[in-house]
file input-v2.cif (mmCIF, C-alpha atoms)
data_upload
#
loop_
_atom_site.label_atom_id
_atom_site.label_comp_id
_atom_site.auth_asym_id
_atom_site.auth_seq_id
_atom_site.Cartn_x
_atom_site.Cartn_y
_atom_site.Cartn_z
CA MET U 1 158.40 -0.74 131.68
CA GLU U 2 159.49 1.18 128.57
CA SER U 3 155.89 1.76 127.53
CA ASP U 4 155.18 3.13 131.03
CA LEU U 5 158.03 5.60 130.63
CA VAL U 6 156.66 6.69 127.24
CA LEU U 7 153.22 7.13 128.81
CA VAL U 8 154.68 9.35 131.54
CA ILE U 9 156.45 11.43 128.87
CA VAL U 10 153.21 11.71 126.88
CA ILE U 11 151.29 12.89 129.95
CA ALA U 12 154.02 15.41 130.81
CA THR U 13 154.00 16.66 127.21
CA ALA U 14 150.19 16.84 127.15
CA LEU U 15 150.27 18.96 130.31
CA ALA U 16 152.98 21.13 128.74
CA PHE U 17 150.64 21.59 125.77
CA ASP U 18 147.83 22.44 128.20
CA PHE U 19 150.06 25.09 129.77
CA THR U 20 150.90 26.63 126.38
CA ASN U 21 147.20 26.44 125.50
CA GLY U 22 146.27 28.49 128.56
CA PHE U 23 149.25 30.76 128.01
CA HIS U 24 148.42 31.22 124.32
CA ASP U 25 144.66 31.61 124.72
CA THR U 26 144.67 34.00 127.69
CA ALA U 27 144.27 36.67 125.05
CA ASN U 28 140.93 35.25 123.97
CA VAL U 29 139.53 35.65 127.42
CA VAL U 30 140.96 38.89 128.72
CA ALA U 31 142.00 41.00 125.71
CA THR U 32 138.69 42.80 125.29
CA SER U 33 138.36 43.54 129.04
CA ILE U 34 141.89 44.92 129.15
CA SER U 35 141.63 46.95 125.95
CA THR U 36 138.48 48.76 127.13
CA ARG U 37 140.02 49.18 130.62
CA ALA U 38 137.16 47.26 132.21
CA MET U 39 139.87 45.39 134.14
CA ALA U 40 143.58 45.90 134.77
CA PRO U 41 145.77 43.20 133.15
CA ARG U 42 146.94 41.36 136.27
CA PRO U 43 143.52 40.99 137.97
CA ALA U 44 141.93 40.14 134.60
CA VAL U 45 144.39 37.31 134.01
CA ALA U 46 144.04 36.00 137.59
CA PHE U 47 140.23 36.13 137.29
CA ALA U 48 140.38 34.23 133.99
CA ALA U 49 142.73 31.62 135.46
CA ILE U 50 140.37 30.86 138.36
CA LEU U 51 137.34 30.55 136.08
CA ASN U 52 139.33 28.48 133.56
CA PHE U 53 139.99 26.04 136.38
CA ALA U 54 136.32 25.92 137.36
CA GLY U 55 135.16 25.58 133.75
CA ALA U 56 137.26 22.48 133.22
CA PHE U 57 134.99 20.49 135.52
CA ILE U 58 131.72 21.31 133.74
CA SER U 59 131.62 18.91 130.78
CA LEU U 60 133.42 15.96 129.16
CA GLU U 61 131.82 15.92 125.69
CA VAL U 62 134.80 17.56 123.97
CA ALA U 63 137.23 15.18 125.72
CA ALA U 64 135.19 12.28 124.36
CA THR U 65 135.41 13.71 120.83
CA VAL U 66 139.20 14.19 121.00
CA ALA U 67 139.71 10.72 122.48
CA GLY U 68 137.31 8.88 120.18
CA ASP U 69 136.63 10.77 116.93
CA VAL U 70 139.99 11.99 115.61
CA VAL U 71 142.27 8.96 115.31
CA GLU U 72 141.77 5.23 115.81
CA ALA U 73 142.92 4.79 119.42
CA GLY U 74 143.59 1.08 118.98
CA ALA U 75 145.80 1.62 115.95
CA ILE U 76 148.25 4.15 117.39
CA SER U 77 150.86 4.09 120.13
CA PRO U 78 151.61 6.62 122.88
CA THR U 79 154.69 7.64 120.85
CA VAL U 80 152.39 8.81 118.02
CA ILE U 81 150.44 10.95 120.48
CA PHE U 82 153.70 12.29 121.87
CA ALA U 83 154.88 13.29 118.37
CA GLY U 84 151.53 14.97 117.70
CA LEU U 85 151.82 16.93 120.92
CA VAL U 86 155.33 18.08 120.00
CA GLY U 87 153.91 19.30 116.67
CA ALA U 88 151.15 21.23 118.43
CA ILE U 89 153.41 22.78 121.07
CA THR U 90 156.00 23.78 118.49
CA TRP U 91 153.37 25.49 116.32
CA ASN U 92 151.90 27.21 119.40
CA LEU U 93 155.32 28.56 120.33
CA ILE U 94 156.05 29.73 116.78
CA THR U 95 152.74 31.62 116.54
CA TRP U 96 153.24 32.98 120.07
CA TYR U 97 156.71 34.21 119.07
CA TYR U 98 155.26 36.17 116.17
CA GLY U 99 152.21 37.33 118.16
CA LEU U 100 149.70 35.50 115.98
CA PRO U 101 146.51 34.25 117.68
CA SER U 102 146.30 30.90 115.91
CA SER U 103 144.30 27.92 117.19
CA SER U 104 145.83 25.66 119.86
CA SER U 105 143.01 23.19 119.25
CA HIS U 106 143.67 22.84 115.55
CA ALA U 107 147.39 22.62 116.25
CA LEU U 108 146.69 19.71 118.60
CA ILE U 109 144.42 17.88 116.17
CA GLY U 110 146.72 18.64 113.22
CA GLY U 111 149.77 17.40 115.13
CA ILE U 112 148.14 14.12 116.15
CA VAL U 113 146.71 13.47 112.69
CA GLY U 114 150.10 14.20 111.09
CA ALA U 115 151.91 11.85 113.46
CA ALA U 116 149.26 9.14 112.96
CA LEU U 117 149.53 9.46 109.17
CA ALA U 118 153.31 9.15 109.37
CA ALA U 119 153.19 6.18 111.75
CA VAL U 120 150.25 4.11 110.53
CA GLY U 121 148.79 5.68 107.40
CA THR U 122 145.32 6.85 106.45
CA GLU U 123 143.55 3.94 108.17
CA ALA U 124 144.41 5.41 111.58
CA VAL U 125 142.70 8.71 110.79
CA LEU U 126 138.95 9.03 111.43
CA GLY U 127 138.03 11.31 108.55
CA GLU U 128 134.33 11.35 109.45
CA GLY U 129 134.97 12.56 112.98
CA ILE U 130 137.46 15.18 111.84
CA LEU U 131 135.14 16.53 109.15
CA GLY U 132 131.92 16.41 111.15
CA LYS U 133 133.19 17.39 114.58
CA VAL U 134 136.26 19.52 113.86
CA LEU U 135 136.48 21.04 110.37
CA VAL U 136 132.86 22.04 109.70
CA PRO U 137 132.31 23.46 113.22
CA ALA U 138 135.66 25.25 112.84
CA ILE U 139 134.26 27.13 109.85
CA VAL U 140 130.72 27.62 111.17
CA ALA U 141 131.56 28.77 114.72
CA PRO U 142 133.49 31.98 113.92
CA ILE U 143 130.83 32.93 111.37
CA VAL U 144 128.10 32.47 114.00
CA ALA U 145 130.18 34.52 116.48
CA PHE U 146 130.61 37.22 113.82
CA VAL U 147 126.84 37.31 113.19
CA ILE U 148 126.13 37.52 116.94
CA GLY U 149 128.75 40.28 117.29
CA VAL U 150 127.13 42.33 114.48
CA GLY U 151 123.62 41.79 115.90
CA ALA U 152 124.65 42.39 119.51
CA ILE U 153 126.38 45.69 118.91
CA GLY U 154 123.41 46.81 116.78
CA ILE U 155 121.04 46.00 119.65
CA ALA U 156 123.27 47.64 122.27
CA TYR U 157 123.65 50.89 120.30
CA ARG U 158 119.93 50.98 119.49
CA VAL U 159 118.92 50.56 123.15
CA VAL U 160 121.46 52.86 124.83
CA GLY U 161 122.69 55.02 121.93
CA ARG U 162 120.83 58.18 122.95
CA LEU U 163 121.78 58.08 126.62
CA ARG U 164 124.58 59.95 128.39
CA PRO U 165 127.80 58.07 127.60
CA GLY U 166 129.22 58.09 131.18
CA PRO U 167 126.85 55.63 132.88
CA VAL U 168 126.51 53.57 129.70
CA VAL U 169 130.27 53.01 129.44
CA HIS U 170 130.45 52.28 133.17
CA GLY U 171 127.58 49.79 132.84
CA PHE U 172 129.14 47.94 129.93
CA LYS U 173 132.50 47.81 131.73
CA LEU U 174 130.76 46.11 134.65
CA GLY U 175 129.04 43.83 132.15
CA GLN U 176 132.40 42.99 130.62
CA ILE U 177 133.62 41.62 133.94
CA ALA U 178 130.66 39.22 133.92
CA SER U 179 130.86 38.36 130.20
CA GLY U 180 134.63 37.92 130.49
CA GLY U 181 134.04 35.54 133.39
CA LEU U 182 131.56 33.56 131.32
CA LEU U 183 134.04 33.45 128.45
CA ALA U 184 136.75 32.19 130.84
CA ILE U 185 134.45 29.39 132.02
CA ALA U 186 133.64 28.54 128.40
CA HIS U 187 137.35 28.50 127.51
CA GLY U 188 138.19 26.27 130.47
CA THR U 189 135.38 23.93 129.51
CA ASN U 190 136.30 23.55 125.85
CA ASP U 191 140.10 23.81 125.94
CA ALA U 192 141.03 21.88 129.10
CA GLN U 193 138.95 19.01 127.74
CA LYS U 194 141.25 18.74 124.72
CA THR U 195 144.15 17.84 126.99
CA MET U 196 141.90 15.49 128.96
CA GLY U 197 140.99 13.86 125.64
CA VAL U 198 144.63 13.48 124.59
CA ILE U 199 145.71 11.98 127.92
CA THR U 200 142.71 9.64 127.79
CA LEU U 201 143.68 8.70 124.22
CA ALA U 202 147.21 7.93 125.46
CA LEU U 203 145.82 5.80 128.30
CA ILE U 204 143.72 3.88 125.75
CA ALA U 205 146.69 3.46 123.39
CA HIS U 206 148.78 2.26 126.34
CA GLY U 207 146.08 -0.26 127.29
CA THR U 208 145.28 1.31 130.68
CA LEU U 209 141.73 2.19 129.58
CA ASP U 210 139.30 0.20 127.47
CA ALA U 211 138.76 1.82 124.03
CA ASP U 212 135.09 0.80 123.88
CA ASN U 213 134.09 1.80 127.36
CA PHE U 214 136.32 4.53 128.71
CA GLU U 215 135.81 7.25 131.26
CA VAL U 216 138.06 10.25 131.78
CA PRO U 217 139.78 9.61 135.15
CA PHE U 218 139.35 12.34 137.78
CA TRP U 219 143.10 12.88 138.16
CA VAL U 220 143.23 13.69 134.43
CA ILE U 221 140.48 16.30 134.85
CA LEU U 222 142.18 17.83 137.90
CA ALA U 223 145.64 17.92 136.30
CA SER U 224 144.31 19.45 133.06
CA ALA U 225 142.27 22.07 134.93
CA THR U 226 145.22 23.08 137.12
CA THR U 227 147.68 23.27 134.25
CA ILE U 228 145.50 25.34 131.93
CA ALA U 229 144.77 27.72 134.83
CA ALA U 230 148.52 28.05 135.51
CA GLY U 231 149.17 28.72 131.81
CA THR U 232 146.41 31.30 131.72
CA TYR U 233 147.89 33.08 134.73
CA ALA U 234 151.30 33.14 133.07
CA GLY U 235 149.58 35.00 130.23
CA GLY U 236 150.31 35.62 126.56
CA TRP U 237 150.79 39.35 126.52
CA ARG U 238 151.94 39.68 122.93
CA ILE U 239 148.76 38.07 121.65
CA ILE U 240 146.64 40.10 124.05
CA ARG U 241 147.93 43.19 122.28
CA THR U 242 146.87 41.86 118.87
CA MET U 243 143.46 40.72 120.07
CA GLY U 244 142.75 43.75 122.22
CA THR U 245 143.79 46.66 120.06
CA ARG U 246 145.02 45.71 116.62
CA ILE U 247 141.88 44.18 115.09
CA ILE U 248 139.58 47.01 116.13
CA LYS U 249 139.68 49.82 118.67
CA MET U 250 136.93 48.71 120.98
CA ASP U 251 134.54 50.56 123.22
CA ALA U 252 133.00 48.87 126.25
CA ALA U 253 129.76 47.95 124.43
CA GLN U 254 131.75 46.28 121.66
CA GLY U 255 133.88 44.43 124.21
CA PHE U 256 130.77 43.19 126.00
CA SER U 257 129.17 42.14 122.68
CA ALA U 258 132.30 40.31 121.50
CA GLN U 259 132.71 38.46 124.79
CA GLY U 260 129.01 37.59 124.91
CA ALA U 261 129.18 36.26 121.34
CA GLY U 262 132.27 34.17 122.11
CA ALA U 263 130.90 32.72 125.34
CA ALA U 264 127.54 31.83 123.77
CA VAL U 265 129.12 30.00 120.83
CA ILE U 266 131.71 28.10 122.90
CA LEU U 267 129.23 27.03 125.60
CA ALA U 268 126.68 25.84 123.02
CA SER U 269 129.38 23.98 121.08
CA SER U 270 130.81 22.33 124.19
CA HIS U 271 127.39 20.79 124.80
CA PHE U 272 127.62 19.03 121.44
CA GLY U 273 131.27 18.03 121.93
CA TYR U 274 132.79 20.26 119.23
CA PRO U 275 136.46 20.94 120.06
CA LEU U 276 136.37 24.53 118.84
CA SER U 277 139.12 27.01 118.53
CA THR U 278 138.35 29.65 121.13
CA THR U 279 140.73 31.92 119.24
CA HIS U 280 138.67 31.68 116.06
CA VAL U 281 135.41 32.20 117.89
CA ILE U 282 136.36 35.25 119.91
CA SER U 283 138.09 36.76 116.87
CA GLY U 284 134.82 36.31 114.96
CA GLY U 285 132.98 38.04 117.79
CA VAL U 286 135.52 40.91 117.92
CA MET U 287 135.31 41.42 114.15
CA GLY U 288 131.51 41.26 114.25
CA ALA U 289 131.34 43.85 117.03
CA GLY U 290 133.66 46.07 114.96
CA ALA U 291 131.88 45.56 111.64
CA GLY U 292 128.49 46.15 113.30
CA LYS U 293 129.61 49.68 114.15
CA ARG U 294 131.16 50.30 110.73
CA LEU U 295 133.02 47.99 108.36
CA SER U 296 136.07 50.24 108.20
CA ALA U 297 136.48 49.93 112.00
CA VAL U 298 137.93 46.46 111.47
CA ARG U 299 141.60 46.33 110.51
CA TRP U 300 141.08 43.77 107.80
CA GLY U 301 144.82 43.44 107.12
CA VAL U 302 145.43 42.18 110.66
CA ALA U 303 142.34 40.00 110.39
CA GLY U 304 143.72 38.61 107.11
CA ASN U 305 147.04 37.70 108.77
CA MET U 306 145.13 35.86 111.45
CA VAL U 307 143.09 33.93 108.86
CA THR U 308 146.34 32.96 107.13
CA ALA U 309 147.69 31.63 110.44
CA TRP U 310 144.46 29.69 110.95
CA ILE U 311 144.64 28.09 107.49
CA LEU U 312 148.29 27.17 108.04
CA THR U 313 147.75 25.71 111.51
CA LEU U 314 146.38 22.24 110.64
CA PRO U 315 148.89 21.39 107.88
CA ALA U 316 151.84 23.01 109.68
CA ALA U 317 151.19 21.23 112.97
CA ALA U 318 150.56 18.00 111.04
CA ALA U 319 153.89 18.35 109.22
CA ILE U 320 155.75 19.04 112.49
CA GLY U 321 153.93 16.12 114.14
CA ALA U 322 154.93 13.78 111.30
CA PHE U 323 158.52 15.06 111.43
CA SER U 324 158.64 14.55 115.22
CA TYR U 325 157.43 10.98 114.79
CA GLY U 326 160.15 10.35 112.21
CA LEU U 327 162.69 11.81 114.63
CA THR U 328 161.62 9.49 117.46
CA ARG U 329 161.93 6.47 115.11
CA ILE U 330 165.60 7.28 114.42
CA PHE U 331 166.23 6.07 117.98
CA GLY U 332 164.19 2.87 117.55
CA THR U 333 160.74 1.93 118.78
CA GLY U 334 161.45 2.10 122.53
CA ALA U 335 161.45 4.97 124.99
CA LEU U 336 164.76 6.50 123.84
CA GLY U 337 163.19 8.38 120.89
CA PRO U 338 160.50 10.14 122.93
CA VAL U 339 163.05 10.94 125.68
CA VAL U 340 165.50 12.51 123.22
CA VAL U 341 162.79 14.47 121.34
CA PHE U 342 161.25 15.58 124.65
CA LEU U 343 164.61 16.99 125.79
CA MET U 344 165.23 18.60 122.40
CA ALA U 345 161.75 20.18 122.37
CA ALA U 346 162.21 21.44 125.95
CA MET U 347 165.54 23.06 125.06
CA LEU U 348 164.09 24.58 121.88
CA GLY U 349 161.15 25.97 123.84
CA MET U 350 163.40 27.50 126.49
CA ALA U 351 165.67 29.00 123.81
CA LEU U 352 162.63 30.56 122.12
CA PHE U 353 161.45 32.03 125.43
CA ALA U 354 164.90 33.40 126.20
CA ARG U 355 165.23 34.93 122.74
CA ARG U 356 161.79 36.52 122.97
CA LEU U 357 162.52 37.98 126.38
CA ARG U 358 165.86 39.36 125.16
CA HIS U 359 164.08 41.12 122.28
CA GLY U 360 161.59 42.93 124.46
CA GLN U 361 159.69 42.33 127.63
CA PRO U 362 156.19 41.25 126.59
CA VAL U 363 154.64 41.63 130.05
CA PRO U 364 153.25 45.10 130.70
CA SER U 365 153.88 46.59 134.12
CA GLU U 366 150.12 47.15 134.55
CA MET F 1 138.02 6.08 105.99
CA LEU F 2 139.94 9.29 105.27
CA TYR F 3 137.66 10.81 102.62
CA PRO F 4 134.08 10.44 103.89
CA ASP F 5 130.86 11.56 102.20
CA PHE F 6 130.14 15.07 103.51
CA ALA F 7 126.37 14.76 103.79
CA THR F 8 126.45 11.57 105.85
CA VAL F 9 129.00 12.64 108.43
CA VAL F 10 127.98 16.19 109.29
CA ASP F 11 125.19 16.34 111.85
CA VAL F 12 123.41 19.34 110.37
CA GLU F 13 120.67 19.30 113.01
CA ALA F 14 123.19 19.50 115.85
CA LEU F 15 124.99 22.32 114.06
CA TRP F 16 121.71 24.24 113.64
CA GLN F 17 120.85 23.69 117.29
CA THR F 18 124.28 24.95 118.32
CA ALA F 19 123.96 28.04 116.12
CA ALA F 20 120.39 28.74 117.25
CA ALA F 21 121.25 28.35 120.95
CA ALA F 22 124.32 30.56 120.59
CA ILE F 23 122.52 33.28 118.61
CA GLY F 24 119.51 33.24 120.94
CA GLY F 25 121.63 33.25 124.09
CA GLY F 26 124.23 35.77 122.88
CA LEU F 27 121.75 38.31 121.50
CA GLY F 28 119.38 37.76 124.41
CA ILE F 29 122.03 38.55 127.02
CA VAL F 30 123.17 41.68 125.21
CA LEU F 31 119.57 42.85 124.78
CA CYS F 32 118.69 42.27 128.44
CA PHE F 33 121.88 43.87 129.73
CA SER F 34 121.44 46.89 127.44
CA ILE F 35 117.88 47.32 128.76
CA ALA F 36 119.26 47.09 132.31
CA ILE F 37 121.73 49.88 131.55
CA TRP F 38 118.98 51.91 129.88
CA GLY F 39 116.73 51.46 132.93
CA SER F 40 119.37 52.43 135.49
CA THR F 41 120.53 55.46 133.50
CA MET F 42 116.96 56.63 132.92
CA ALA F 43 116.18 56.12 136.61
CA THR F 44 119.06 58.41 137.61
CA ASP F 45 118.06 61.09 135.09
CA LEU F 46 114.35 60.93 136.02
CA SER F 47 115.16 61.01 139.71
CA ASN F 48 117.32 64.11 139.20
CA ASP F 49 114.34 65.71 137.42
CA GLY F 50 112.15 64.94 140.45
CA ARG F 51 109.99 62.40 138.55
CA ARG F 52 110.05 59.74 141.23
CA PRO F 53 107.30 57.35 139.96
CA ALA F 54 108.83 57.24 136.49
CA ALA F 55 112.28 56.68 138.05
CA ALA F 56 110.89 53.79 140.12
CA ALA F 57 109.40 52.25 136.96
CA ALA F 58 112.76 52.57 135.19
CA ILE F 59 114.50 50.86 138.11
CA ALA F 60 111.94 48.04 137.94
CA VAL F 61 112.65 47.61 134.22
CA ALA F 62 116.39 47.54 134.93
CA LEU F 63 116.02 44.93 137.65
CA LEU F 64 113.77 42.74 135.51
CA ALA F 65 116.24 42.93 132.63
CA LEU F 66 119.11 42.05 134.94
CA LEU F 67 117.16 39.08 136.28
CA ALA F 68 116.50 37.95 132.71
CA CYS F 69 120.27 38.17 132.08
CA PHE F 70 121.03 35.92 135.05
CA ALA F 71 118.28 33.52 133.96
CA LEU F 72 119.77 33.27 130.45
CA VAL F 73 123.23 32.53 131.86
CA ALA F 74 121.79 29.91 134.23
CA ILE F 75 119.81 28.30 131.38
CA GLY F 76 122.97 28.25 129.24
CA ILE F 77 125.01 26.49 131.93
CA ILE F 78 122.21 24.01 132.69
CA PHE F 79 121.89 23.33 128.93
CA MET F 80 125.60 22.61 128.78
CA LEU F 81 125.49 20.32 131.79
CA SER F 82 122.52 18.37 130.43
#
call {"tool": "encode", "arguments": {"input": "input-v2.cif", "output": "structure tokens"}}
result
Amino acid sequence: MESDLVLVIVIATALAFDFTNGFHDTANVVATSISTRAMAPRPAVAFAAILNFAGAFISLEVAATVAGDVVEAGAISPTVIFAGLVGAITWNLITWYYGLPSSSSHALIGGIVGAALAAVGTEAVLGEGILGKVLVPAIVAPIVAFVIGVGAIGIAYRVVGRLRPGPVVHGFKLGQIASGGLLAIAHGTNDAQKTMGVITLALIAHGTLDADNFEVPFWVILASATTIAAGTYAGGWRIIRTMGTRIIKMDAAQGFSAQGAGAAVILASSHFGYPLSTTHVISGGVMGAGAGKRLSAVRWGVAGNMVTAWILTLPAAAAIGAFSYGLTRIFGTGALGPVVVFLMAAMLGMALFARRLRHGQPVPSE
Amino acid sequence: MLYPDFATVVDVEALWQTAAAAIGGGLGIVLCFSIAIWGSTMATDLSNDGRRPAAAAAIAVALLALLACFALVAIGIIFMLS
């Protein structure tokens, strides 16, 4: 009975993470469309939310990686997963508060690894899976997106550079609606699967699913898809501002190139089950589209701050995850620890929201 | 095992395939869409100059490029579903 209660708390927390993931990563999908005025903010966010939902049903490779290649499912308990989720959500909220587009995916993996290390030790951590399926792709993917961004903007300017700007800009703005849609599908595919993977991992740890022969249940897919879409609709306006205007000032061709680069990398990676950071990838594409025009077009200082946030994400989320696990253990090994930490985390989250809203309305009127 | 041997755990072939598919797809879509914009803009300009056959040819190029764009997207989604 107690373990069932913990499982319910883990699922609720995983869906809360999914919401913050959609909320946090809205910027990745819509920032370029909004900054070039290809779409107004509200319709852009609604469009992204719908396609996020649809994208979540496309593939399950990433969910399989998160459930099977990060930590030893048989060696951990649902409480460990809960503590990892608290670490990830807390880091997401901190970076959201400061307007930093860090990676929700790495926060999730960092949080769970940190909690598993604190609870069980190194034997619960699957170093091979983390290195081969998380860390190396995490470095390679933004570089590939950068290269595509540089190449794409070079191609676009070479093909249309001598034409009248009016129809060219109009054409690329139309193209951005399509490439933004593709990026939203890609985001839904890769990111919603991370929550599916975590809930599946919790079901395995709880004993509901067999570790050697599991399938992601349909209700998990539906719940994850709905929650990430709701989070996306709620929107992360502060991060949109950073992504859309502070790295580079984009024209429509650059926006199209950046979105195309991001969508191509995320869709290809989802096929191979790499749980990528969509934030890293689209940032790579944005920087590539800027650098392809001229290197000085990229605000490297802002880009540097983002890289710092990226580097900090895994260890910071791991530390918070480990701390959260320690906190739950103060109240014993039953359900009381997760219940208390869940309530504390919920209150902290609400306080952070209230404080942020008091210090300035982040949602633009249009 | 927390500290694995790098060479044995990273599937370099899968990484190359991912990078190649992404680069090919990403650059291909931008190229095709840029050609579509070029074709439609040229068609308007040529039509305004009264050069109807050339304008028709430019429209054909634009449509073909747009079709290629859709084909690339469809191939990408089918690849992901496979």
call {"tool": "interface_residues", "arguments": {"input": "input-v2.cif", "of": "chain U", "to": "chain F", "cutoff": "7 Å", "atoms": "all atoms listed in the file", "output": "compact mmCIF listing (two decimals) with C-alpha atoms, keeping the file's coordinate frame"}}
result
# COMPACT_ATOMS: atom_id res chain seq x y z
CA ILE U 58 131.72 21.31 133.74
CA SER U 59 131.62 18.91 130.78
CA THR U 122 145.32 6.85 106.45
CA GLU U 123 143.55 3.94 108.17
CA VAL U 125 142.70 8.71 110.79
CA LEU U 126 138.95 9.03 111.43
CA GLY U 127 138.03 11.31 108.55
CA GLU U 128 134.33 11.35 109.45
CA GLY U 132 131.92 16.41 111.15
CA VAL U 144 128.10 32.47 114.00
CA ILE U 148 126.13 37.52 116.94
CA GLY U 151 123.62 41.79 115.90
CA ALA U 152 124.65 42.39 119.51
CA ILE U 155 121.04 46.00 119.65
CA ALA U 156 123.27 47.64 122.27
CA VAL U 159 118.92 50.56 123.15
CA VAL U 160 121.46 52.86 124.83
CA PRO U 167 126.85 55.63 132.88
CA VAL U 168 126.51 53.57 129.70
CA GLY U 171 127.58 49.79 132.84
CA SER U 257 129.17 42.14 122.68
CA GLY U 260 129.01 37.59 124.91
CA ALA U 261 129.18 36.26 121.34
CA ALA U 264 127.54 31.83 123.77
CA VAL U 265 129.12 30.00 120.83
CA LEU U 267 129.23 27.03 125.60
CA ALA U 268 126.68 25.84 123.02
CA SER U 269 129.38 23.98 121.08
CA SER U 270 130.81 22.33 124.19
CA HIS U 271 127.39 20.79 124.80
call {"tool": "resolve_selection", "arguments": {"input": "input-v2.cif", "expression": "the PyMOL selection byres ((chain U and resi 286-294) around 6)", "output": "list in words"}}
result
Phe146, Gly149, Val150, Ile153, Gln254, Ala258, Ser283, Gly284, Gly285, Leu295, Ser296, Ala297 and Val298 of chain U
call {"tool": "atom_distance", "arguments": {"input": "input-v2.cif", "atom1": "atom CA of Ala345 of chain U", "atom2": "atom CA of Ile89 of chain U"}}
result
8.8 Å
call {"tool": "atom_distance", "arguments": {"input": "input-v2.cif", "atom1": "atom CA of Gly180 of chain U", "atom2": "atom CA of Asn21 of chain U"}}
result
17.7 Å
call {"tool": "residues_near_point", "arguments": {"input": "input-v2.cif", "point": "(161.8, 12.7, 114.2)", "cutoff": "12 Å", "atoms": "only C-alpha atoms", "output": "PyMOL selection string"}}
result
chain U and resi 79-80+82-84+86-87+115+118-119+319-333+336-342+344-345
call {"tool": "residues_around", "arguments": {"input": "input-v2.cif", "residues": "Leu201 of chain U", "least_positions_apart": "4", "cutoff": "12 Å", "atoms": "only C-alpha atoms", "output": "VMD selection string"}}
result
chain U and resid 7 10 to 11 14 63 to 82 84 112 193 to 197 205 to 212 214 to 217 220
call {"tool": "atom_distance", "arguments": {"input": "input-v2.cif", "atom1": "atom CA of Thr279 of chain U", "atom2": "atom CA of Ser103 of chain U"}}
result
5.7 Å
call {"tool": "resolve_selection", "arguments": {"input": "input-v2.cif", "expression": "the PyMOL selection byres ((chain F and resi 55) around 10)", "output": "list of chain:residue names"}}
result
F:Gly39, F:Ser40, F:Thr41, F:Met42, F:Ala43, F:Thr44, F:Asp45, F:Leu46, F:Ser47, F:Asn48, F:Asp49, F:Gly50, F:Arg51, F:Arg52, F:Pro53, F:Ala54, F:Ala56, F:Ala57, F:Ala58, F:Ile59, F:Ala60, F:Val61
call {"tool": "closest_residue", "arguments": {"input": "input-v2.cif", "among": "U:Asn190, U:Thr278, U:Asn92, U:Thr36", "to": "Val169 of chain U", "atoms": "all atoms listed in the file"}}
result
U:Thr36
call {"tool": "resolve_selection", "arguments": {"input": "input-v2.cif", "expression": "the PyMOL selection byres ((chain U and resi 184) around 12)", "output": "PyMOL selection string"}}
result
chain U and resi 22+25-31+33+44-56+176-183+185-192+228-229+232-233+259-260+262-264+266-267+278+282
call {"tool": "build_atoms", "arguments": {"input": "input-v2.cif", "residues": "segment 99-110 of chain U", "atoms": "N, CA and C atoms", "output": "PDB file, keeping the file's coordinate frame"}}
result
ATOM      1  N   GLY U  99     153.388  36.599 117.700  1.00  0.00           N
ATOM      2  CA  GLY U  99     152.210  37.330 118.160  1.00  0.00           C
ATOM      3  C   GLY U  99     150.948  37.038 117.372  1.00  0.00           C
ATOM      4  N   LEU U 100     150.875  35.844 116.776  1.00  0.00           N
ATOM      5  CA  LEU U 100     149.700  35.500 115.980  1.00  0.00           C
ATOM      6  C   LEU U 100     148.730  34.640 116.795  1.00  0.00           C
ATOM      7  N   PRO U 101     147.468  35.054 116.910  1.00  0.00           N
ATOM      8  CA  PRO U 101     146.510  34.250 117.680  1.00  0.00           C
ATOM      9  C   PRO U 101     145.956  33.083 116.863  1.00  0.00           C
ATOM     10  N   SER U 102     146.771  32.072 116.648  1.00  0.00           N
ATOM     11  CA  SER U 102     146.300  30.900 115.910  1.00  0.00           C
ATOM     12  C   SER U 102     145.606  29.941 116.886  1.00  0.00           C
ATOM     13  N   SER U 103     145.109  28.830 116.363  1.00  0.00           N
ATOM     14  CA  SER U 103     144.300  27.920 117.190  1.00  0.00           C
ATOM     15  C   SER U 103     145.137  26.813 117.814  1.00  0.00           C
ATOM     16  N   SER U 104     145.154  26.757 119.152  1.00  0.00           N
ATOM     17  CA  SER U 104     145.830  25.660 119.860  1.00  0.00           C
ATOM     18  C   SER U 104     145.112  24.332 119.574  1.00  0.00           C
ATOM     19  N   SER U 105     143.798  24.408 119.466  1.00  0.00           N
ATOM     20  CA  SER U 105     143.010  23.190 119.250  1.00  0.00           C
ATOM     21  C   SER U 105     143.328  22.557 117.907  1.00  0.00           C
ATOM     22  N   HIS U 106     143.382  23.384 116.878  1.00  0.00           N
ATOM     23  CA  HIS U 106     143.670  22.840 115.550  1.00  0.00           C
ATOM     24  C   HIS U 106     145.122  22.383 115.463  1.00  0.00           C
ATOM     25  N   ALA U 107     145.998  23.064 116.205  1.00  0.00           N
ATOM     26  CA  ALA U 107     147.390  22.620 116.250  1.00  0.00           C
ATOM     27  C   ALA U 107     147.459  21.221 116.867  1.00  0.00           C
ATOM     28  N   LEU U 108     146.686  21.010 117.927  1.00  0.00           N
ATOM     29  CA  LEU U 108     146.690  19.710 118.600  1.00  0.00           C
ATOM     30  C   LEU U 108     146.157  18.611 117.660  1.00  0.00           C
ATOM     31  N   ILE U 109     145.016  18.890 117.047  1.00  0.00           N
ATOM     32  CA  ILE U 109     144.420  17.880 116.170  1.00  0.00           C
ATOM     33  C   ILE U 109     145.296  17.658 114.939  1.00  0.00           C
ATOM     34  N   GLY U 110     145.816  18.751 114.369  1.00  0.00           N
ATOM     35  CA  GLY U 110     146.720  18.640 113.220  1.00  0.00           C
ATOM     36  C   GLY U 110     147.951  17.815 113.563  1.00  0.00           C
TER      37      GLY U 110
END
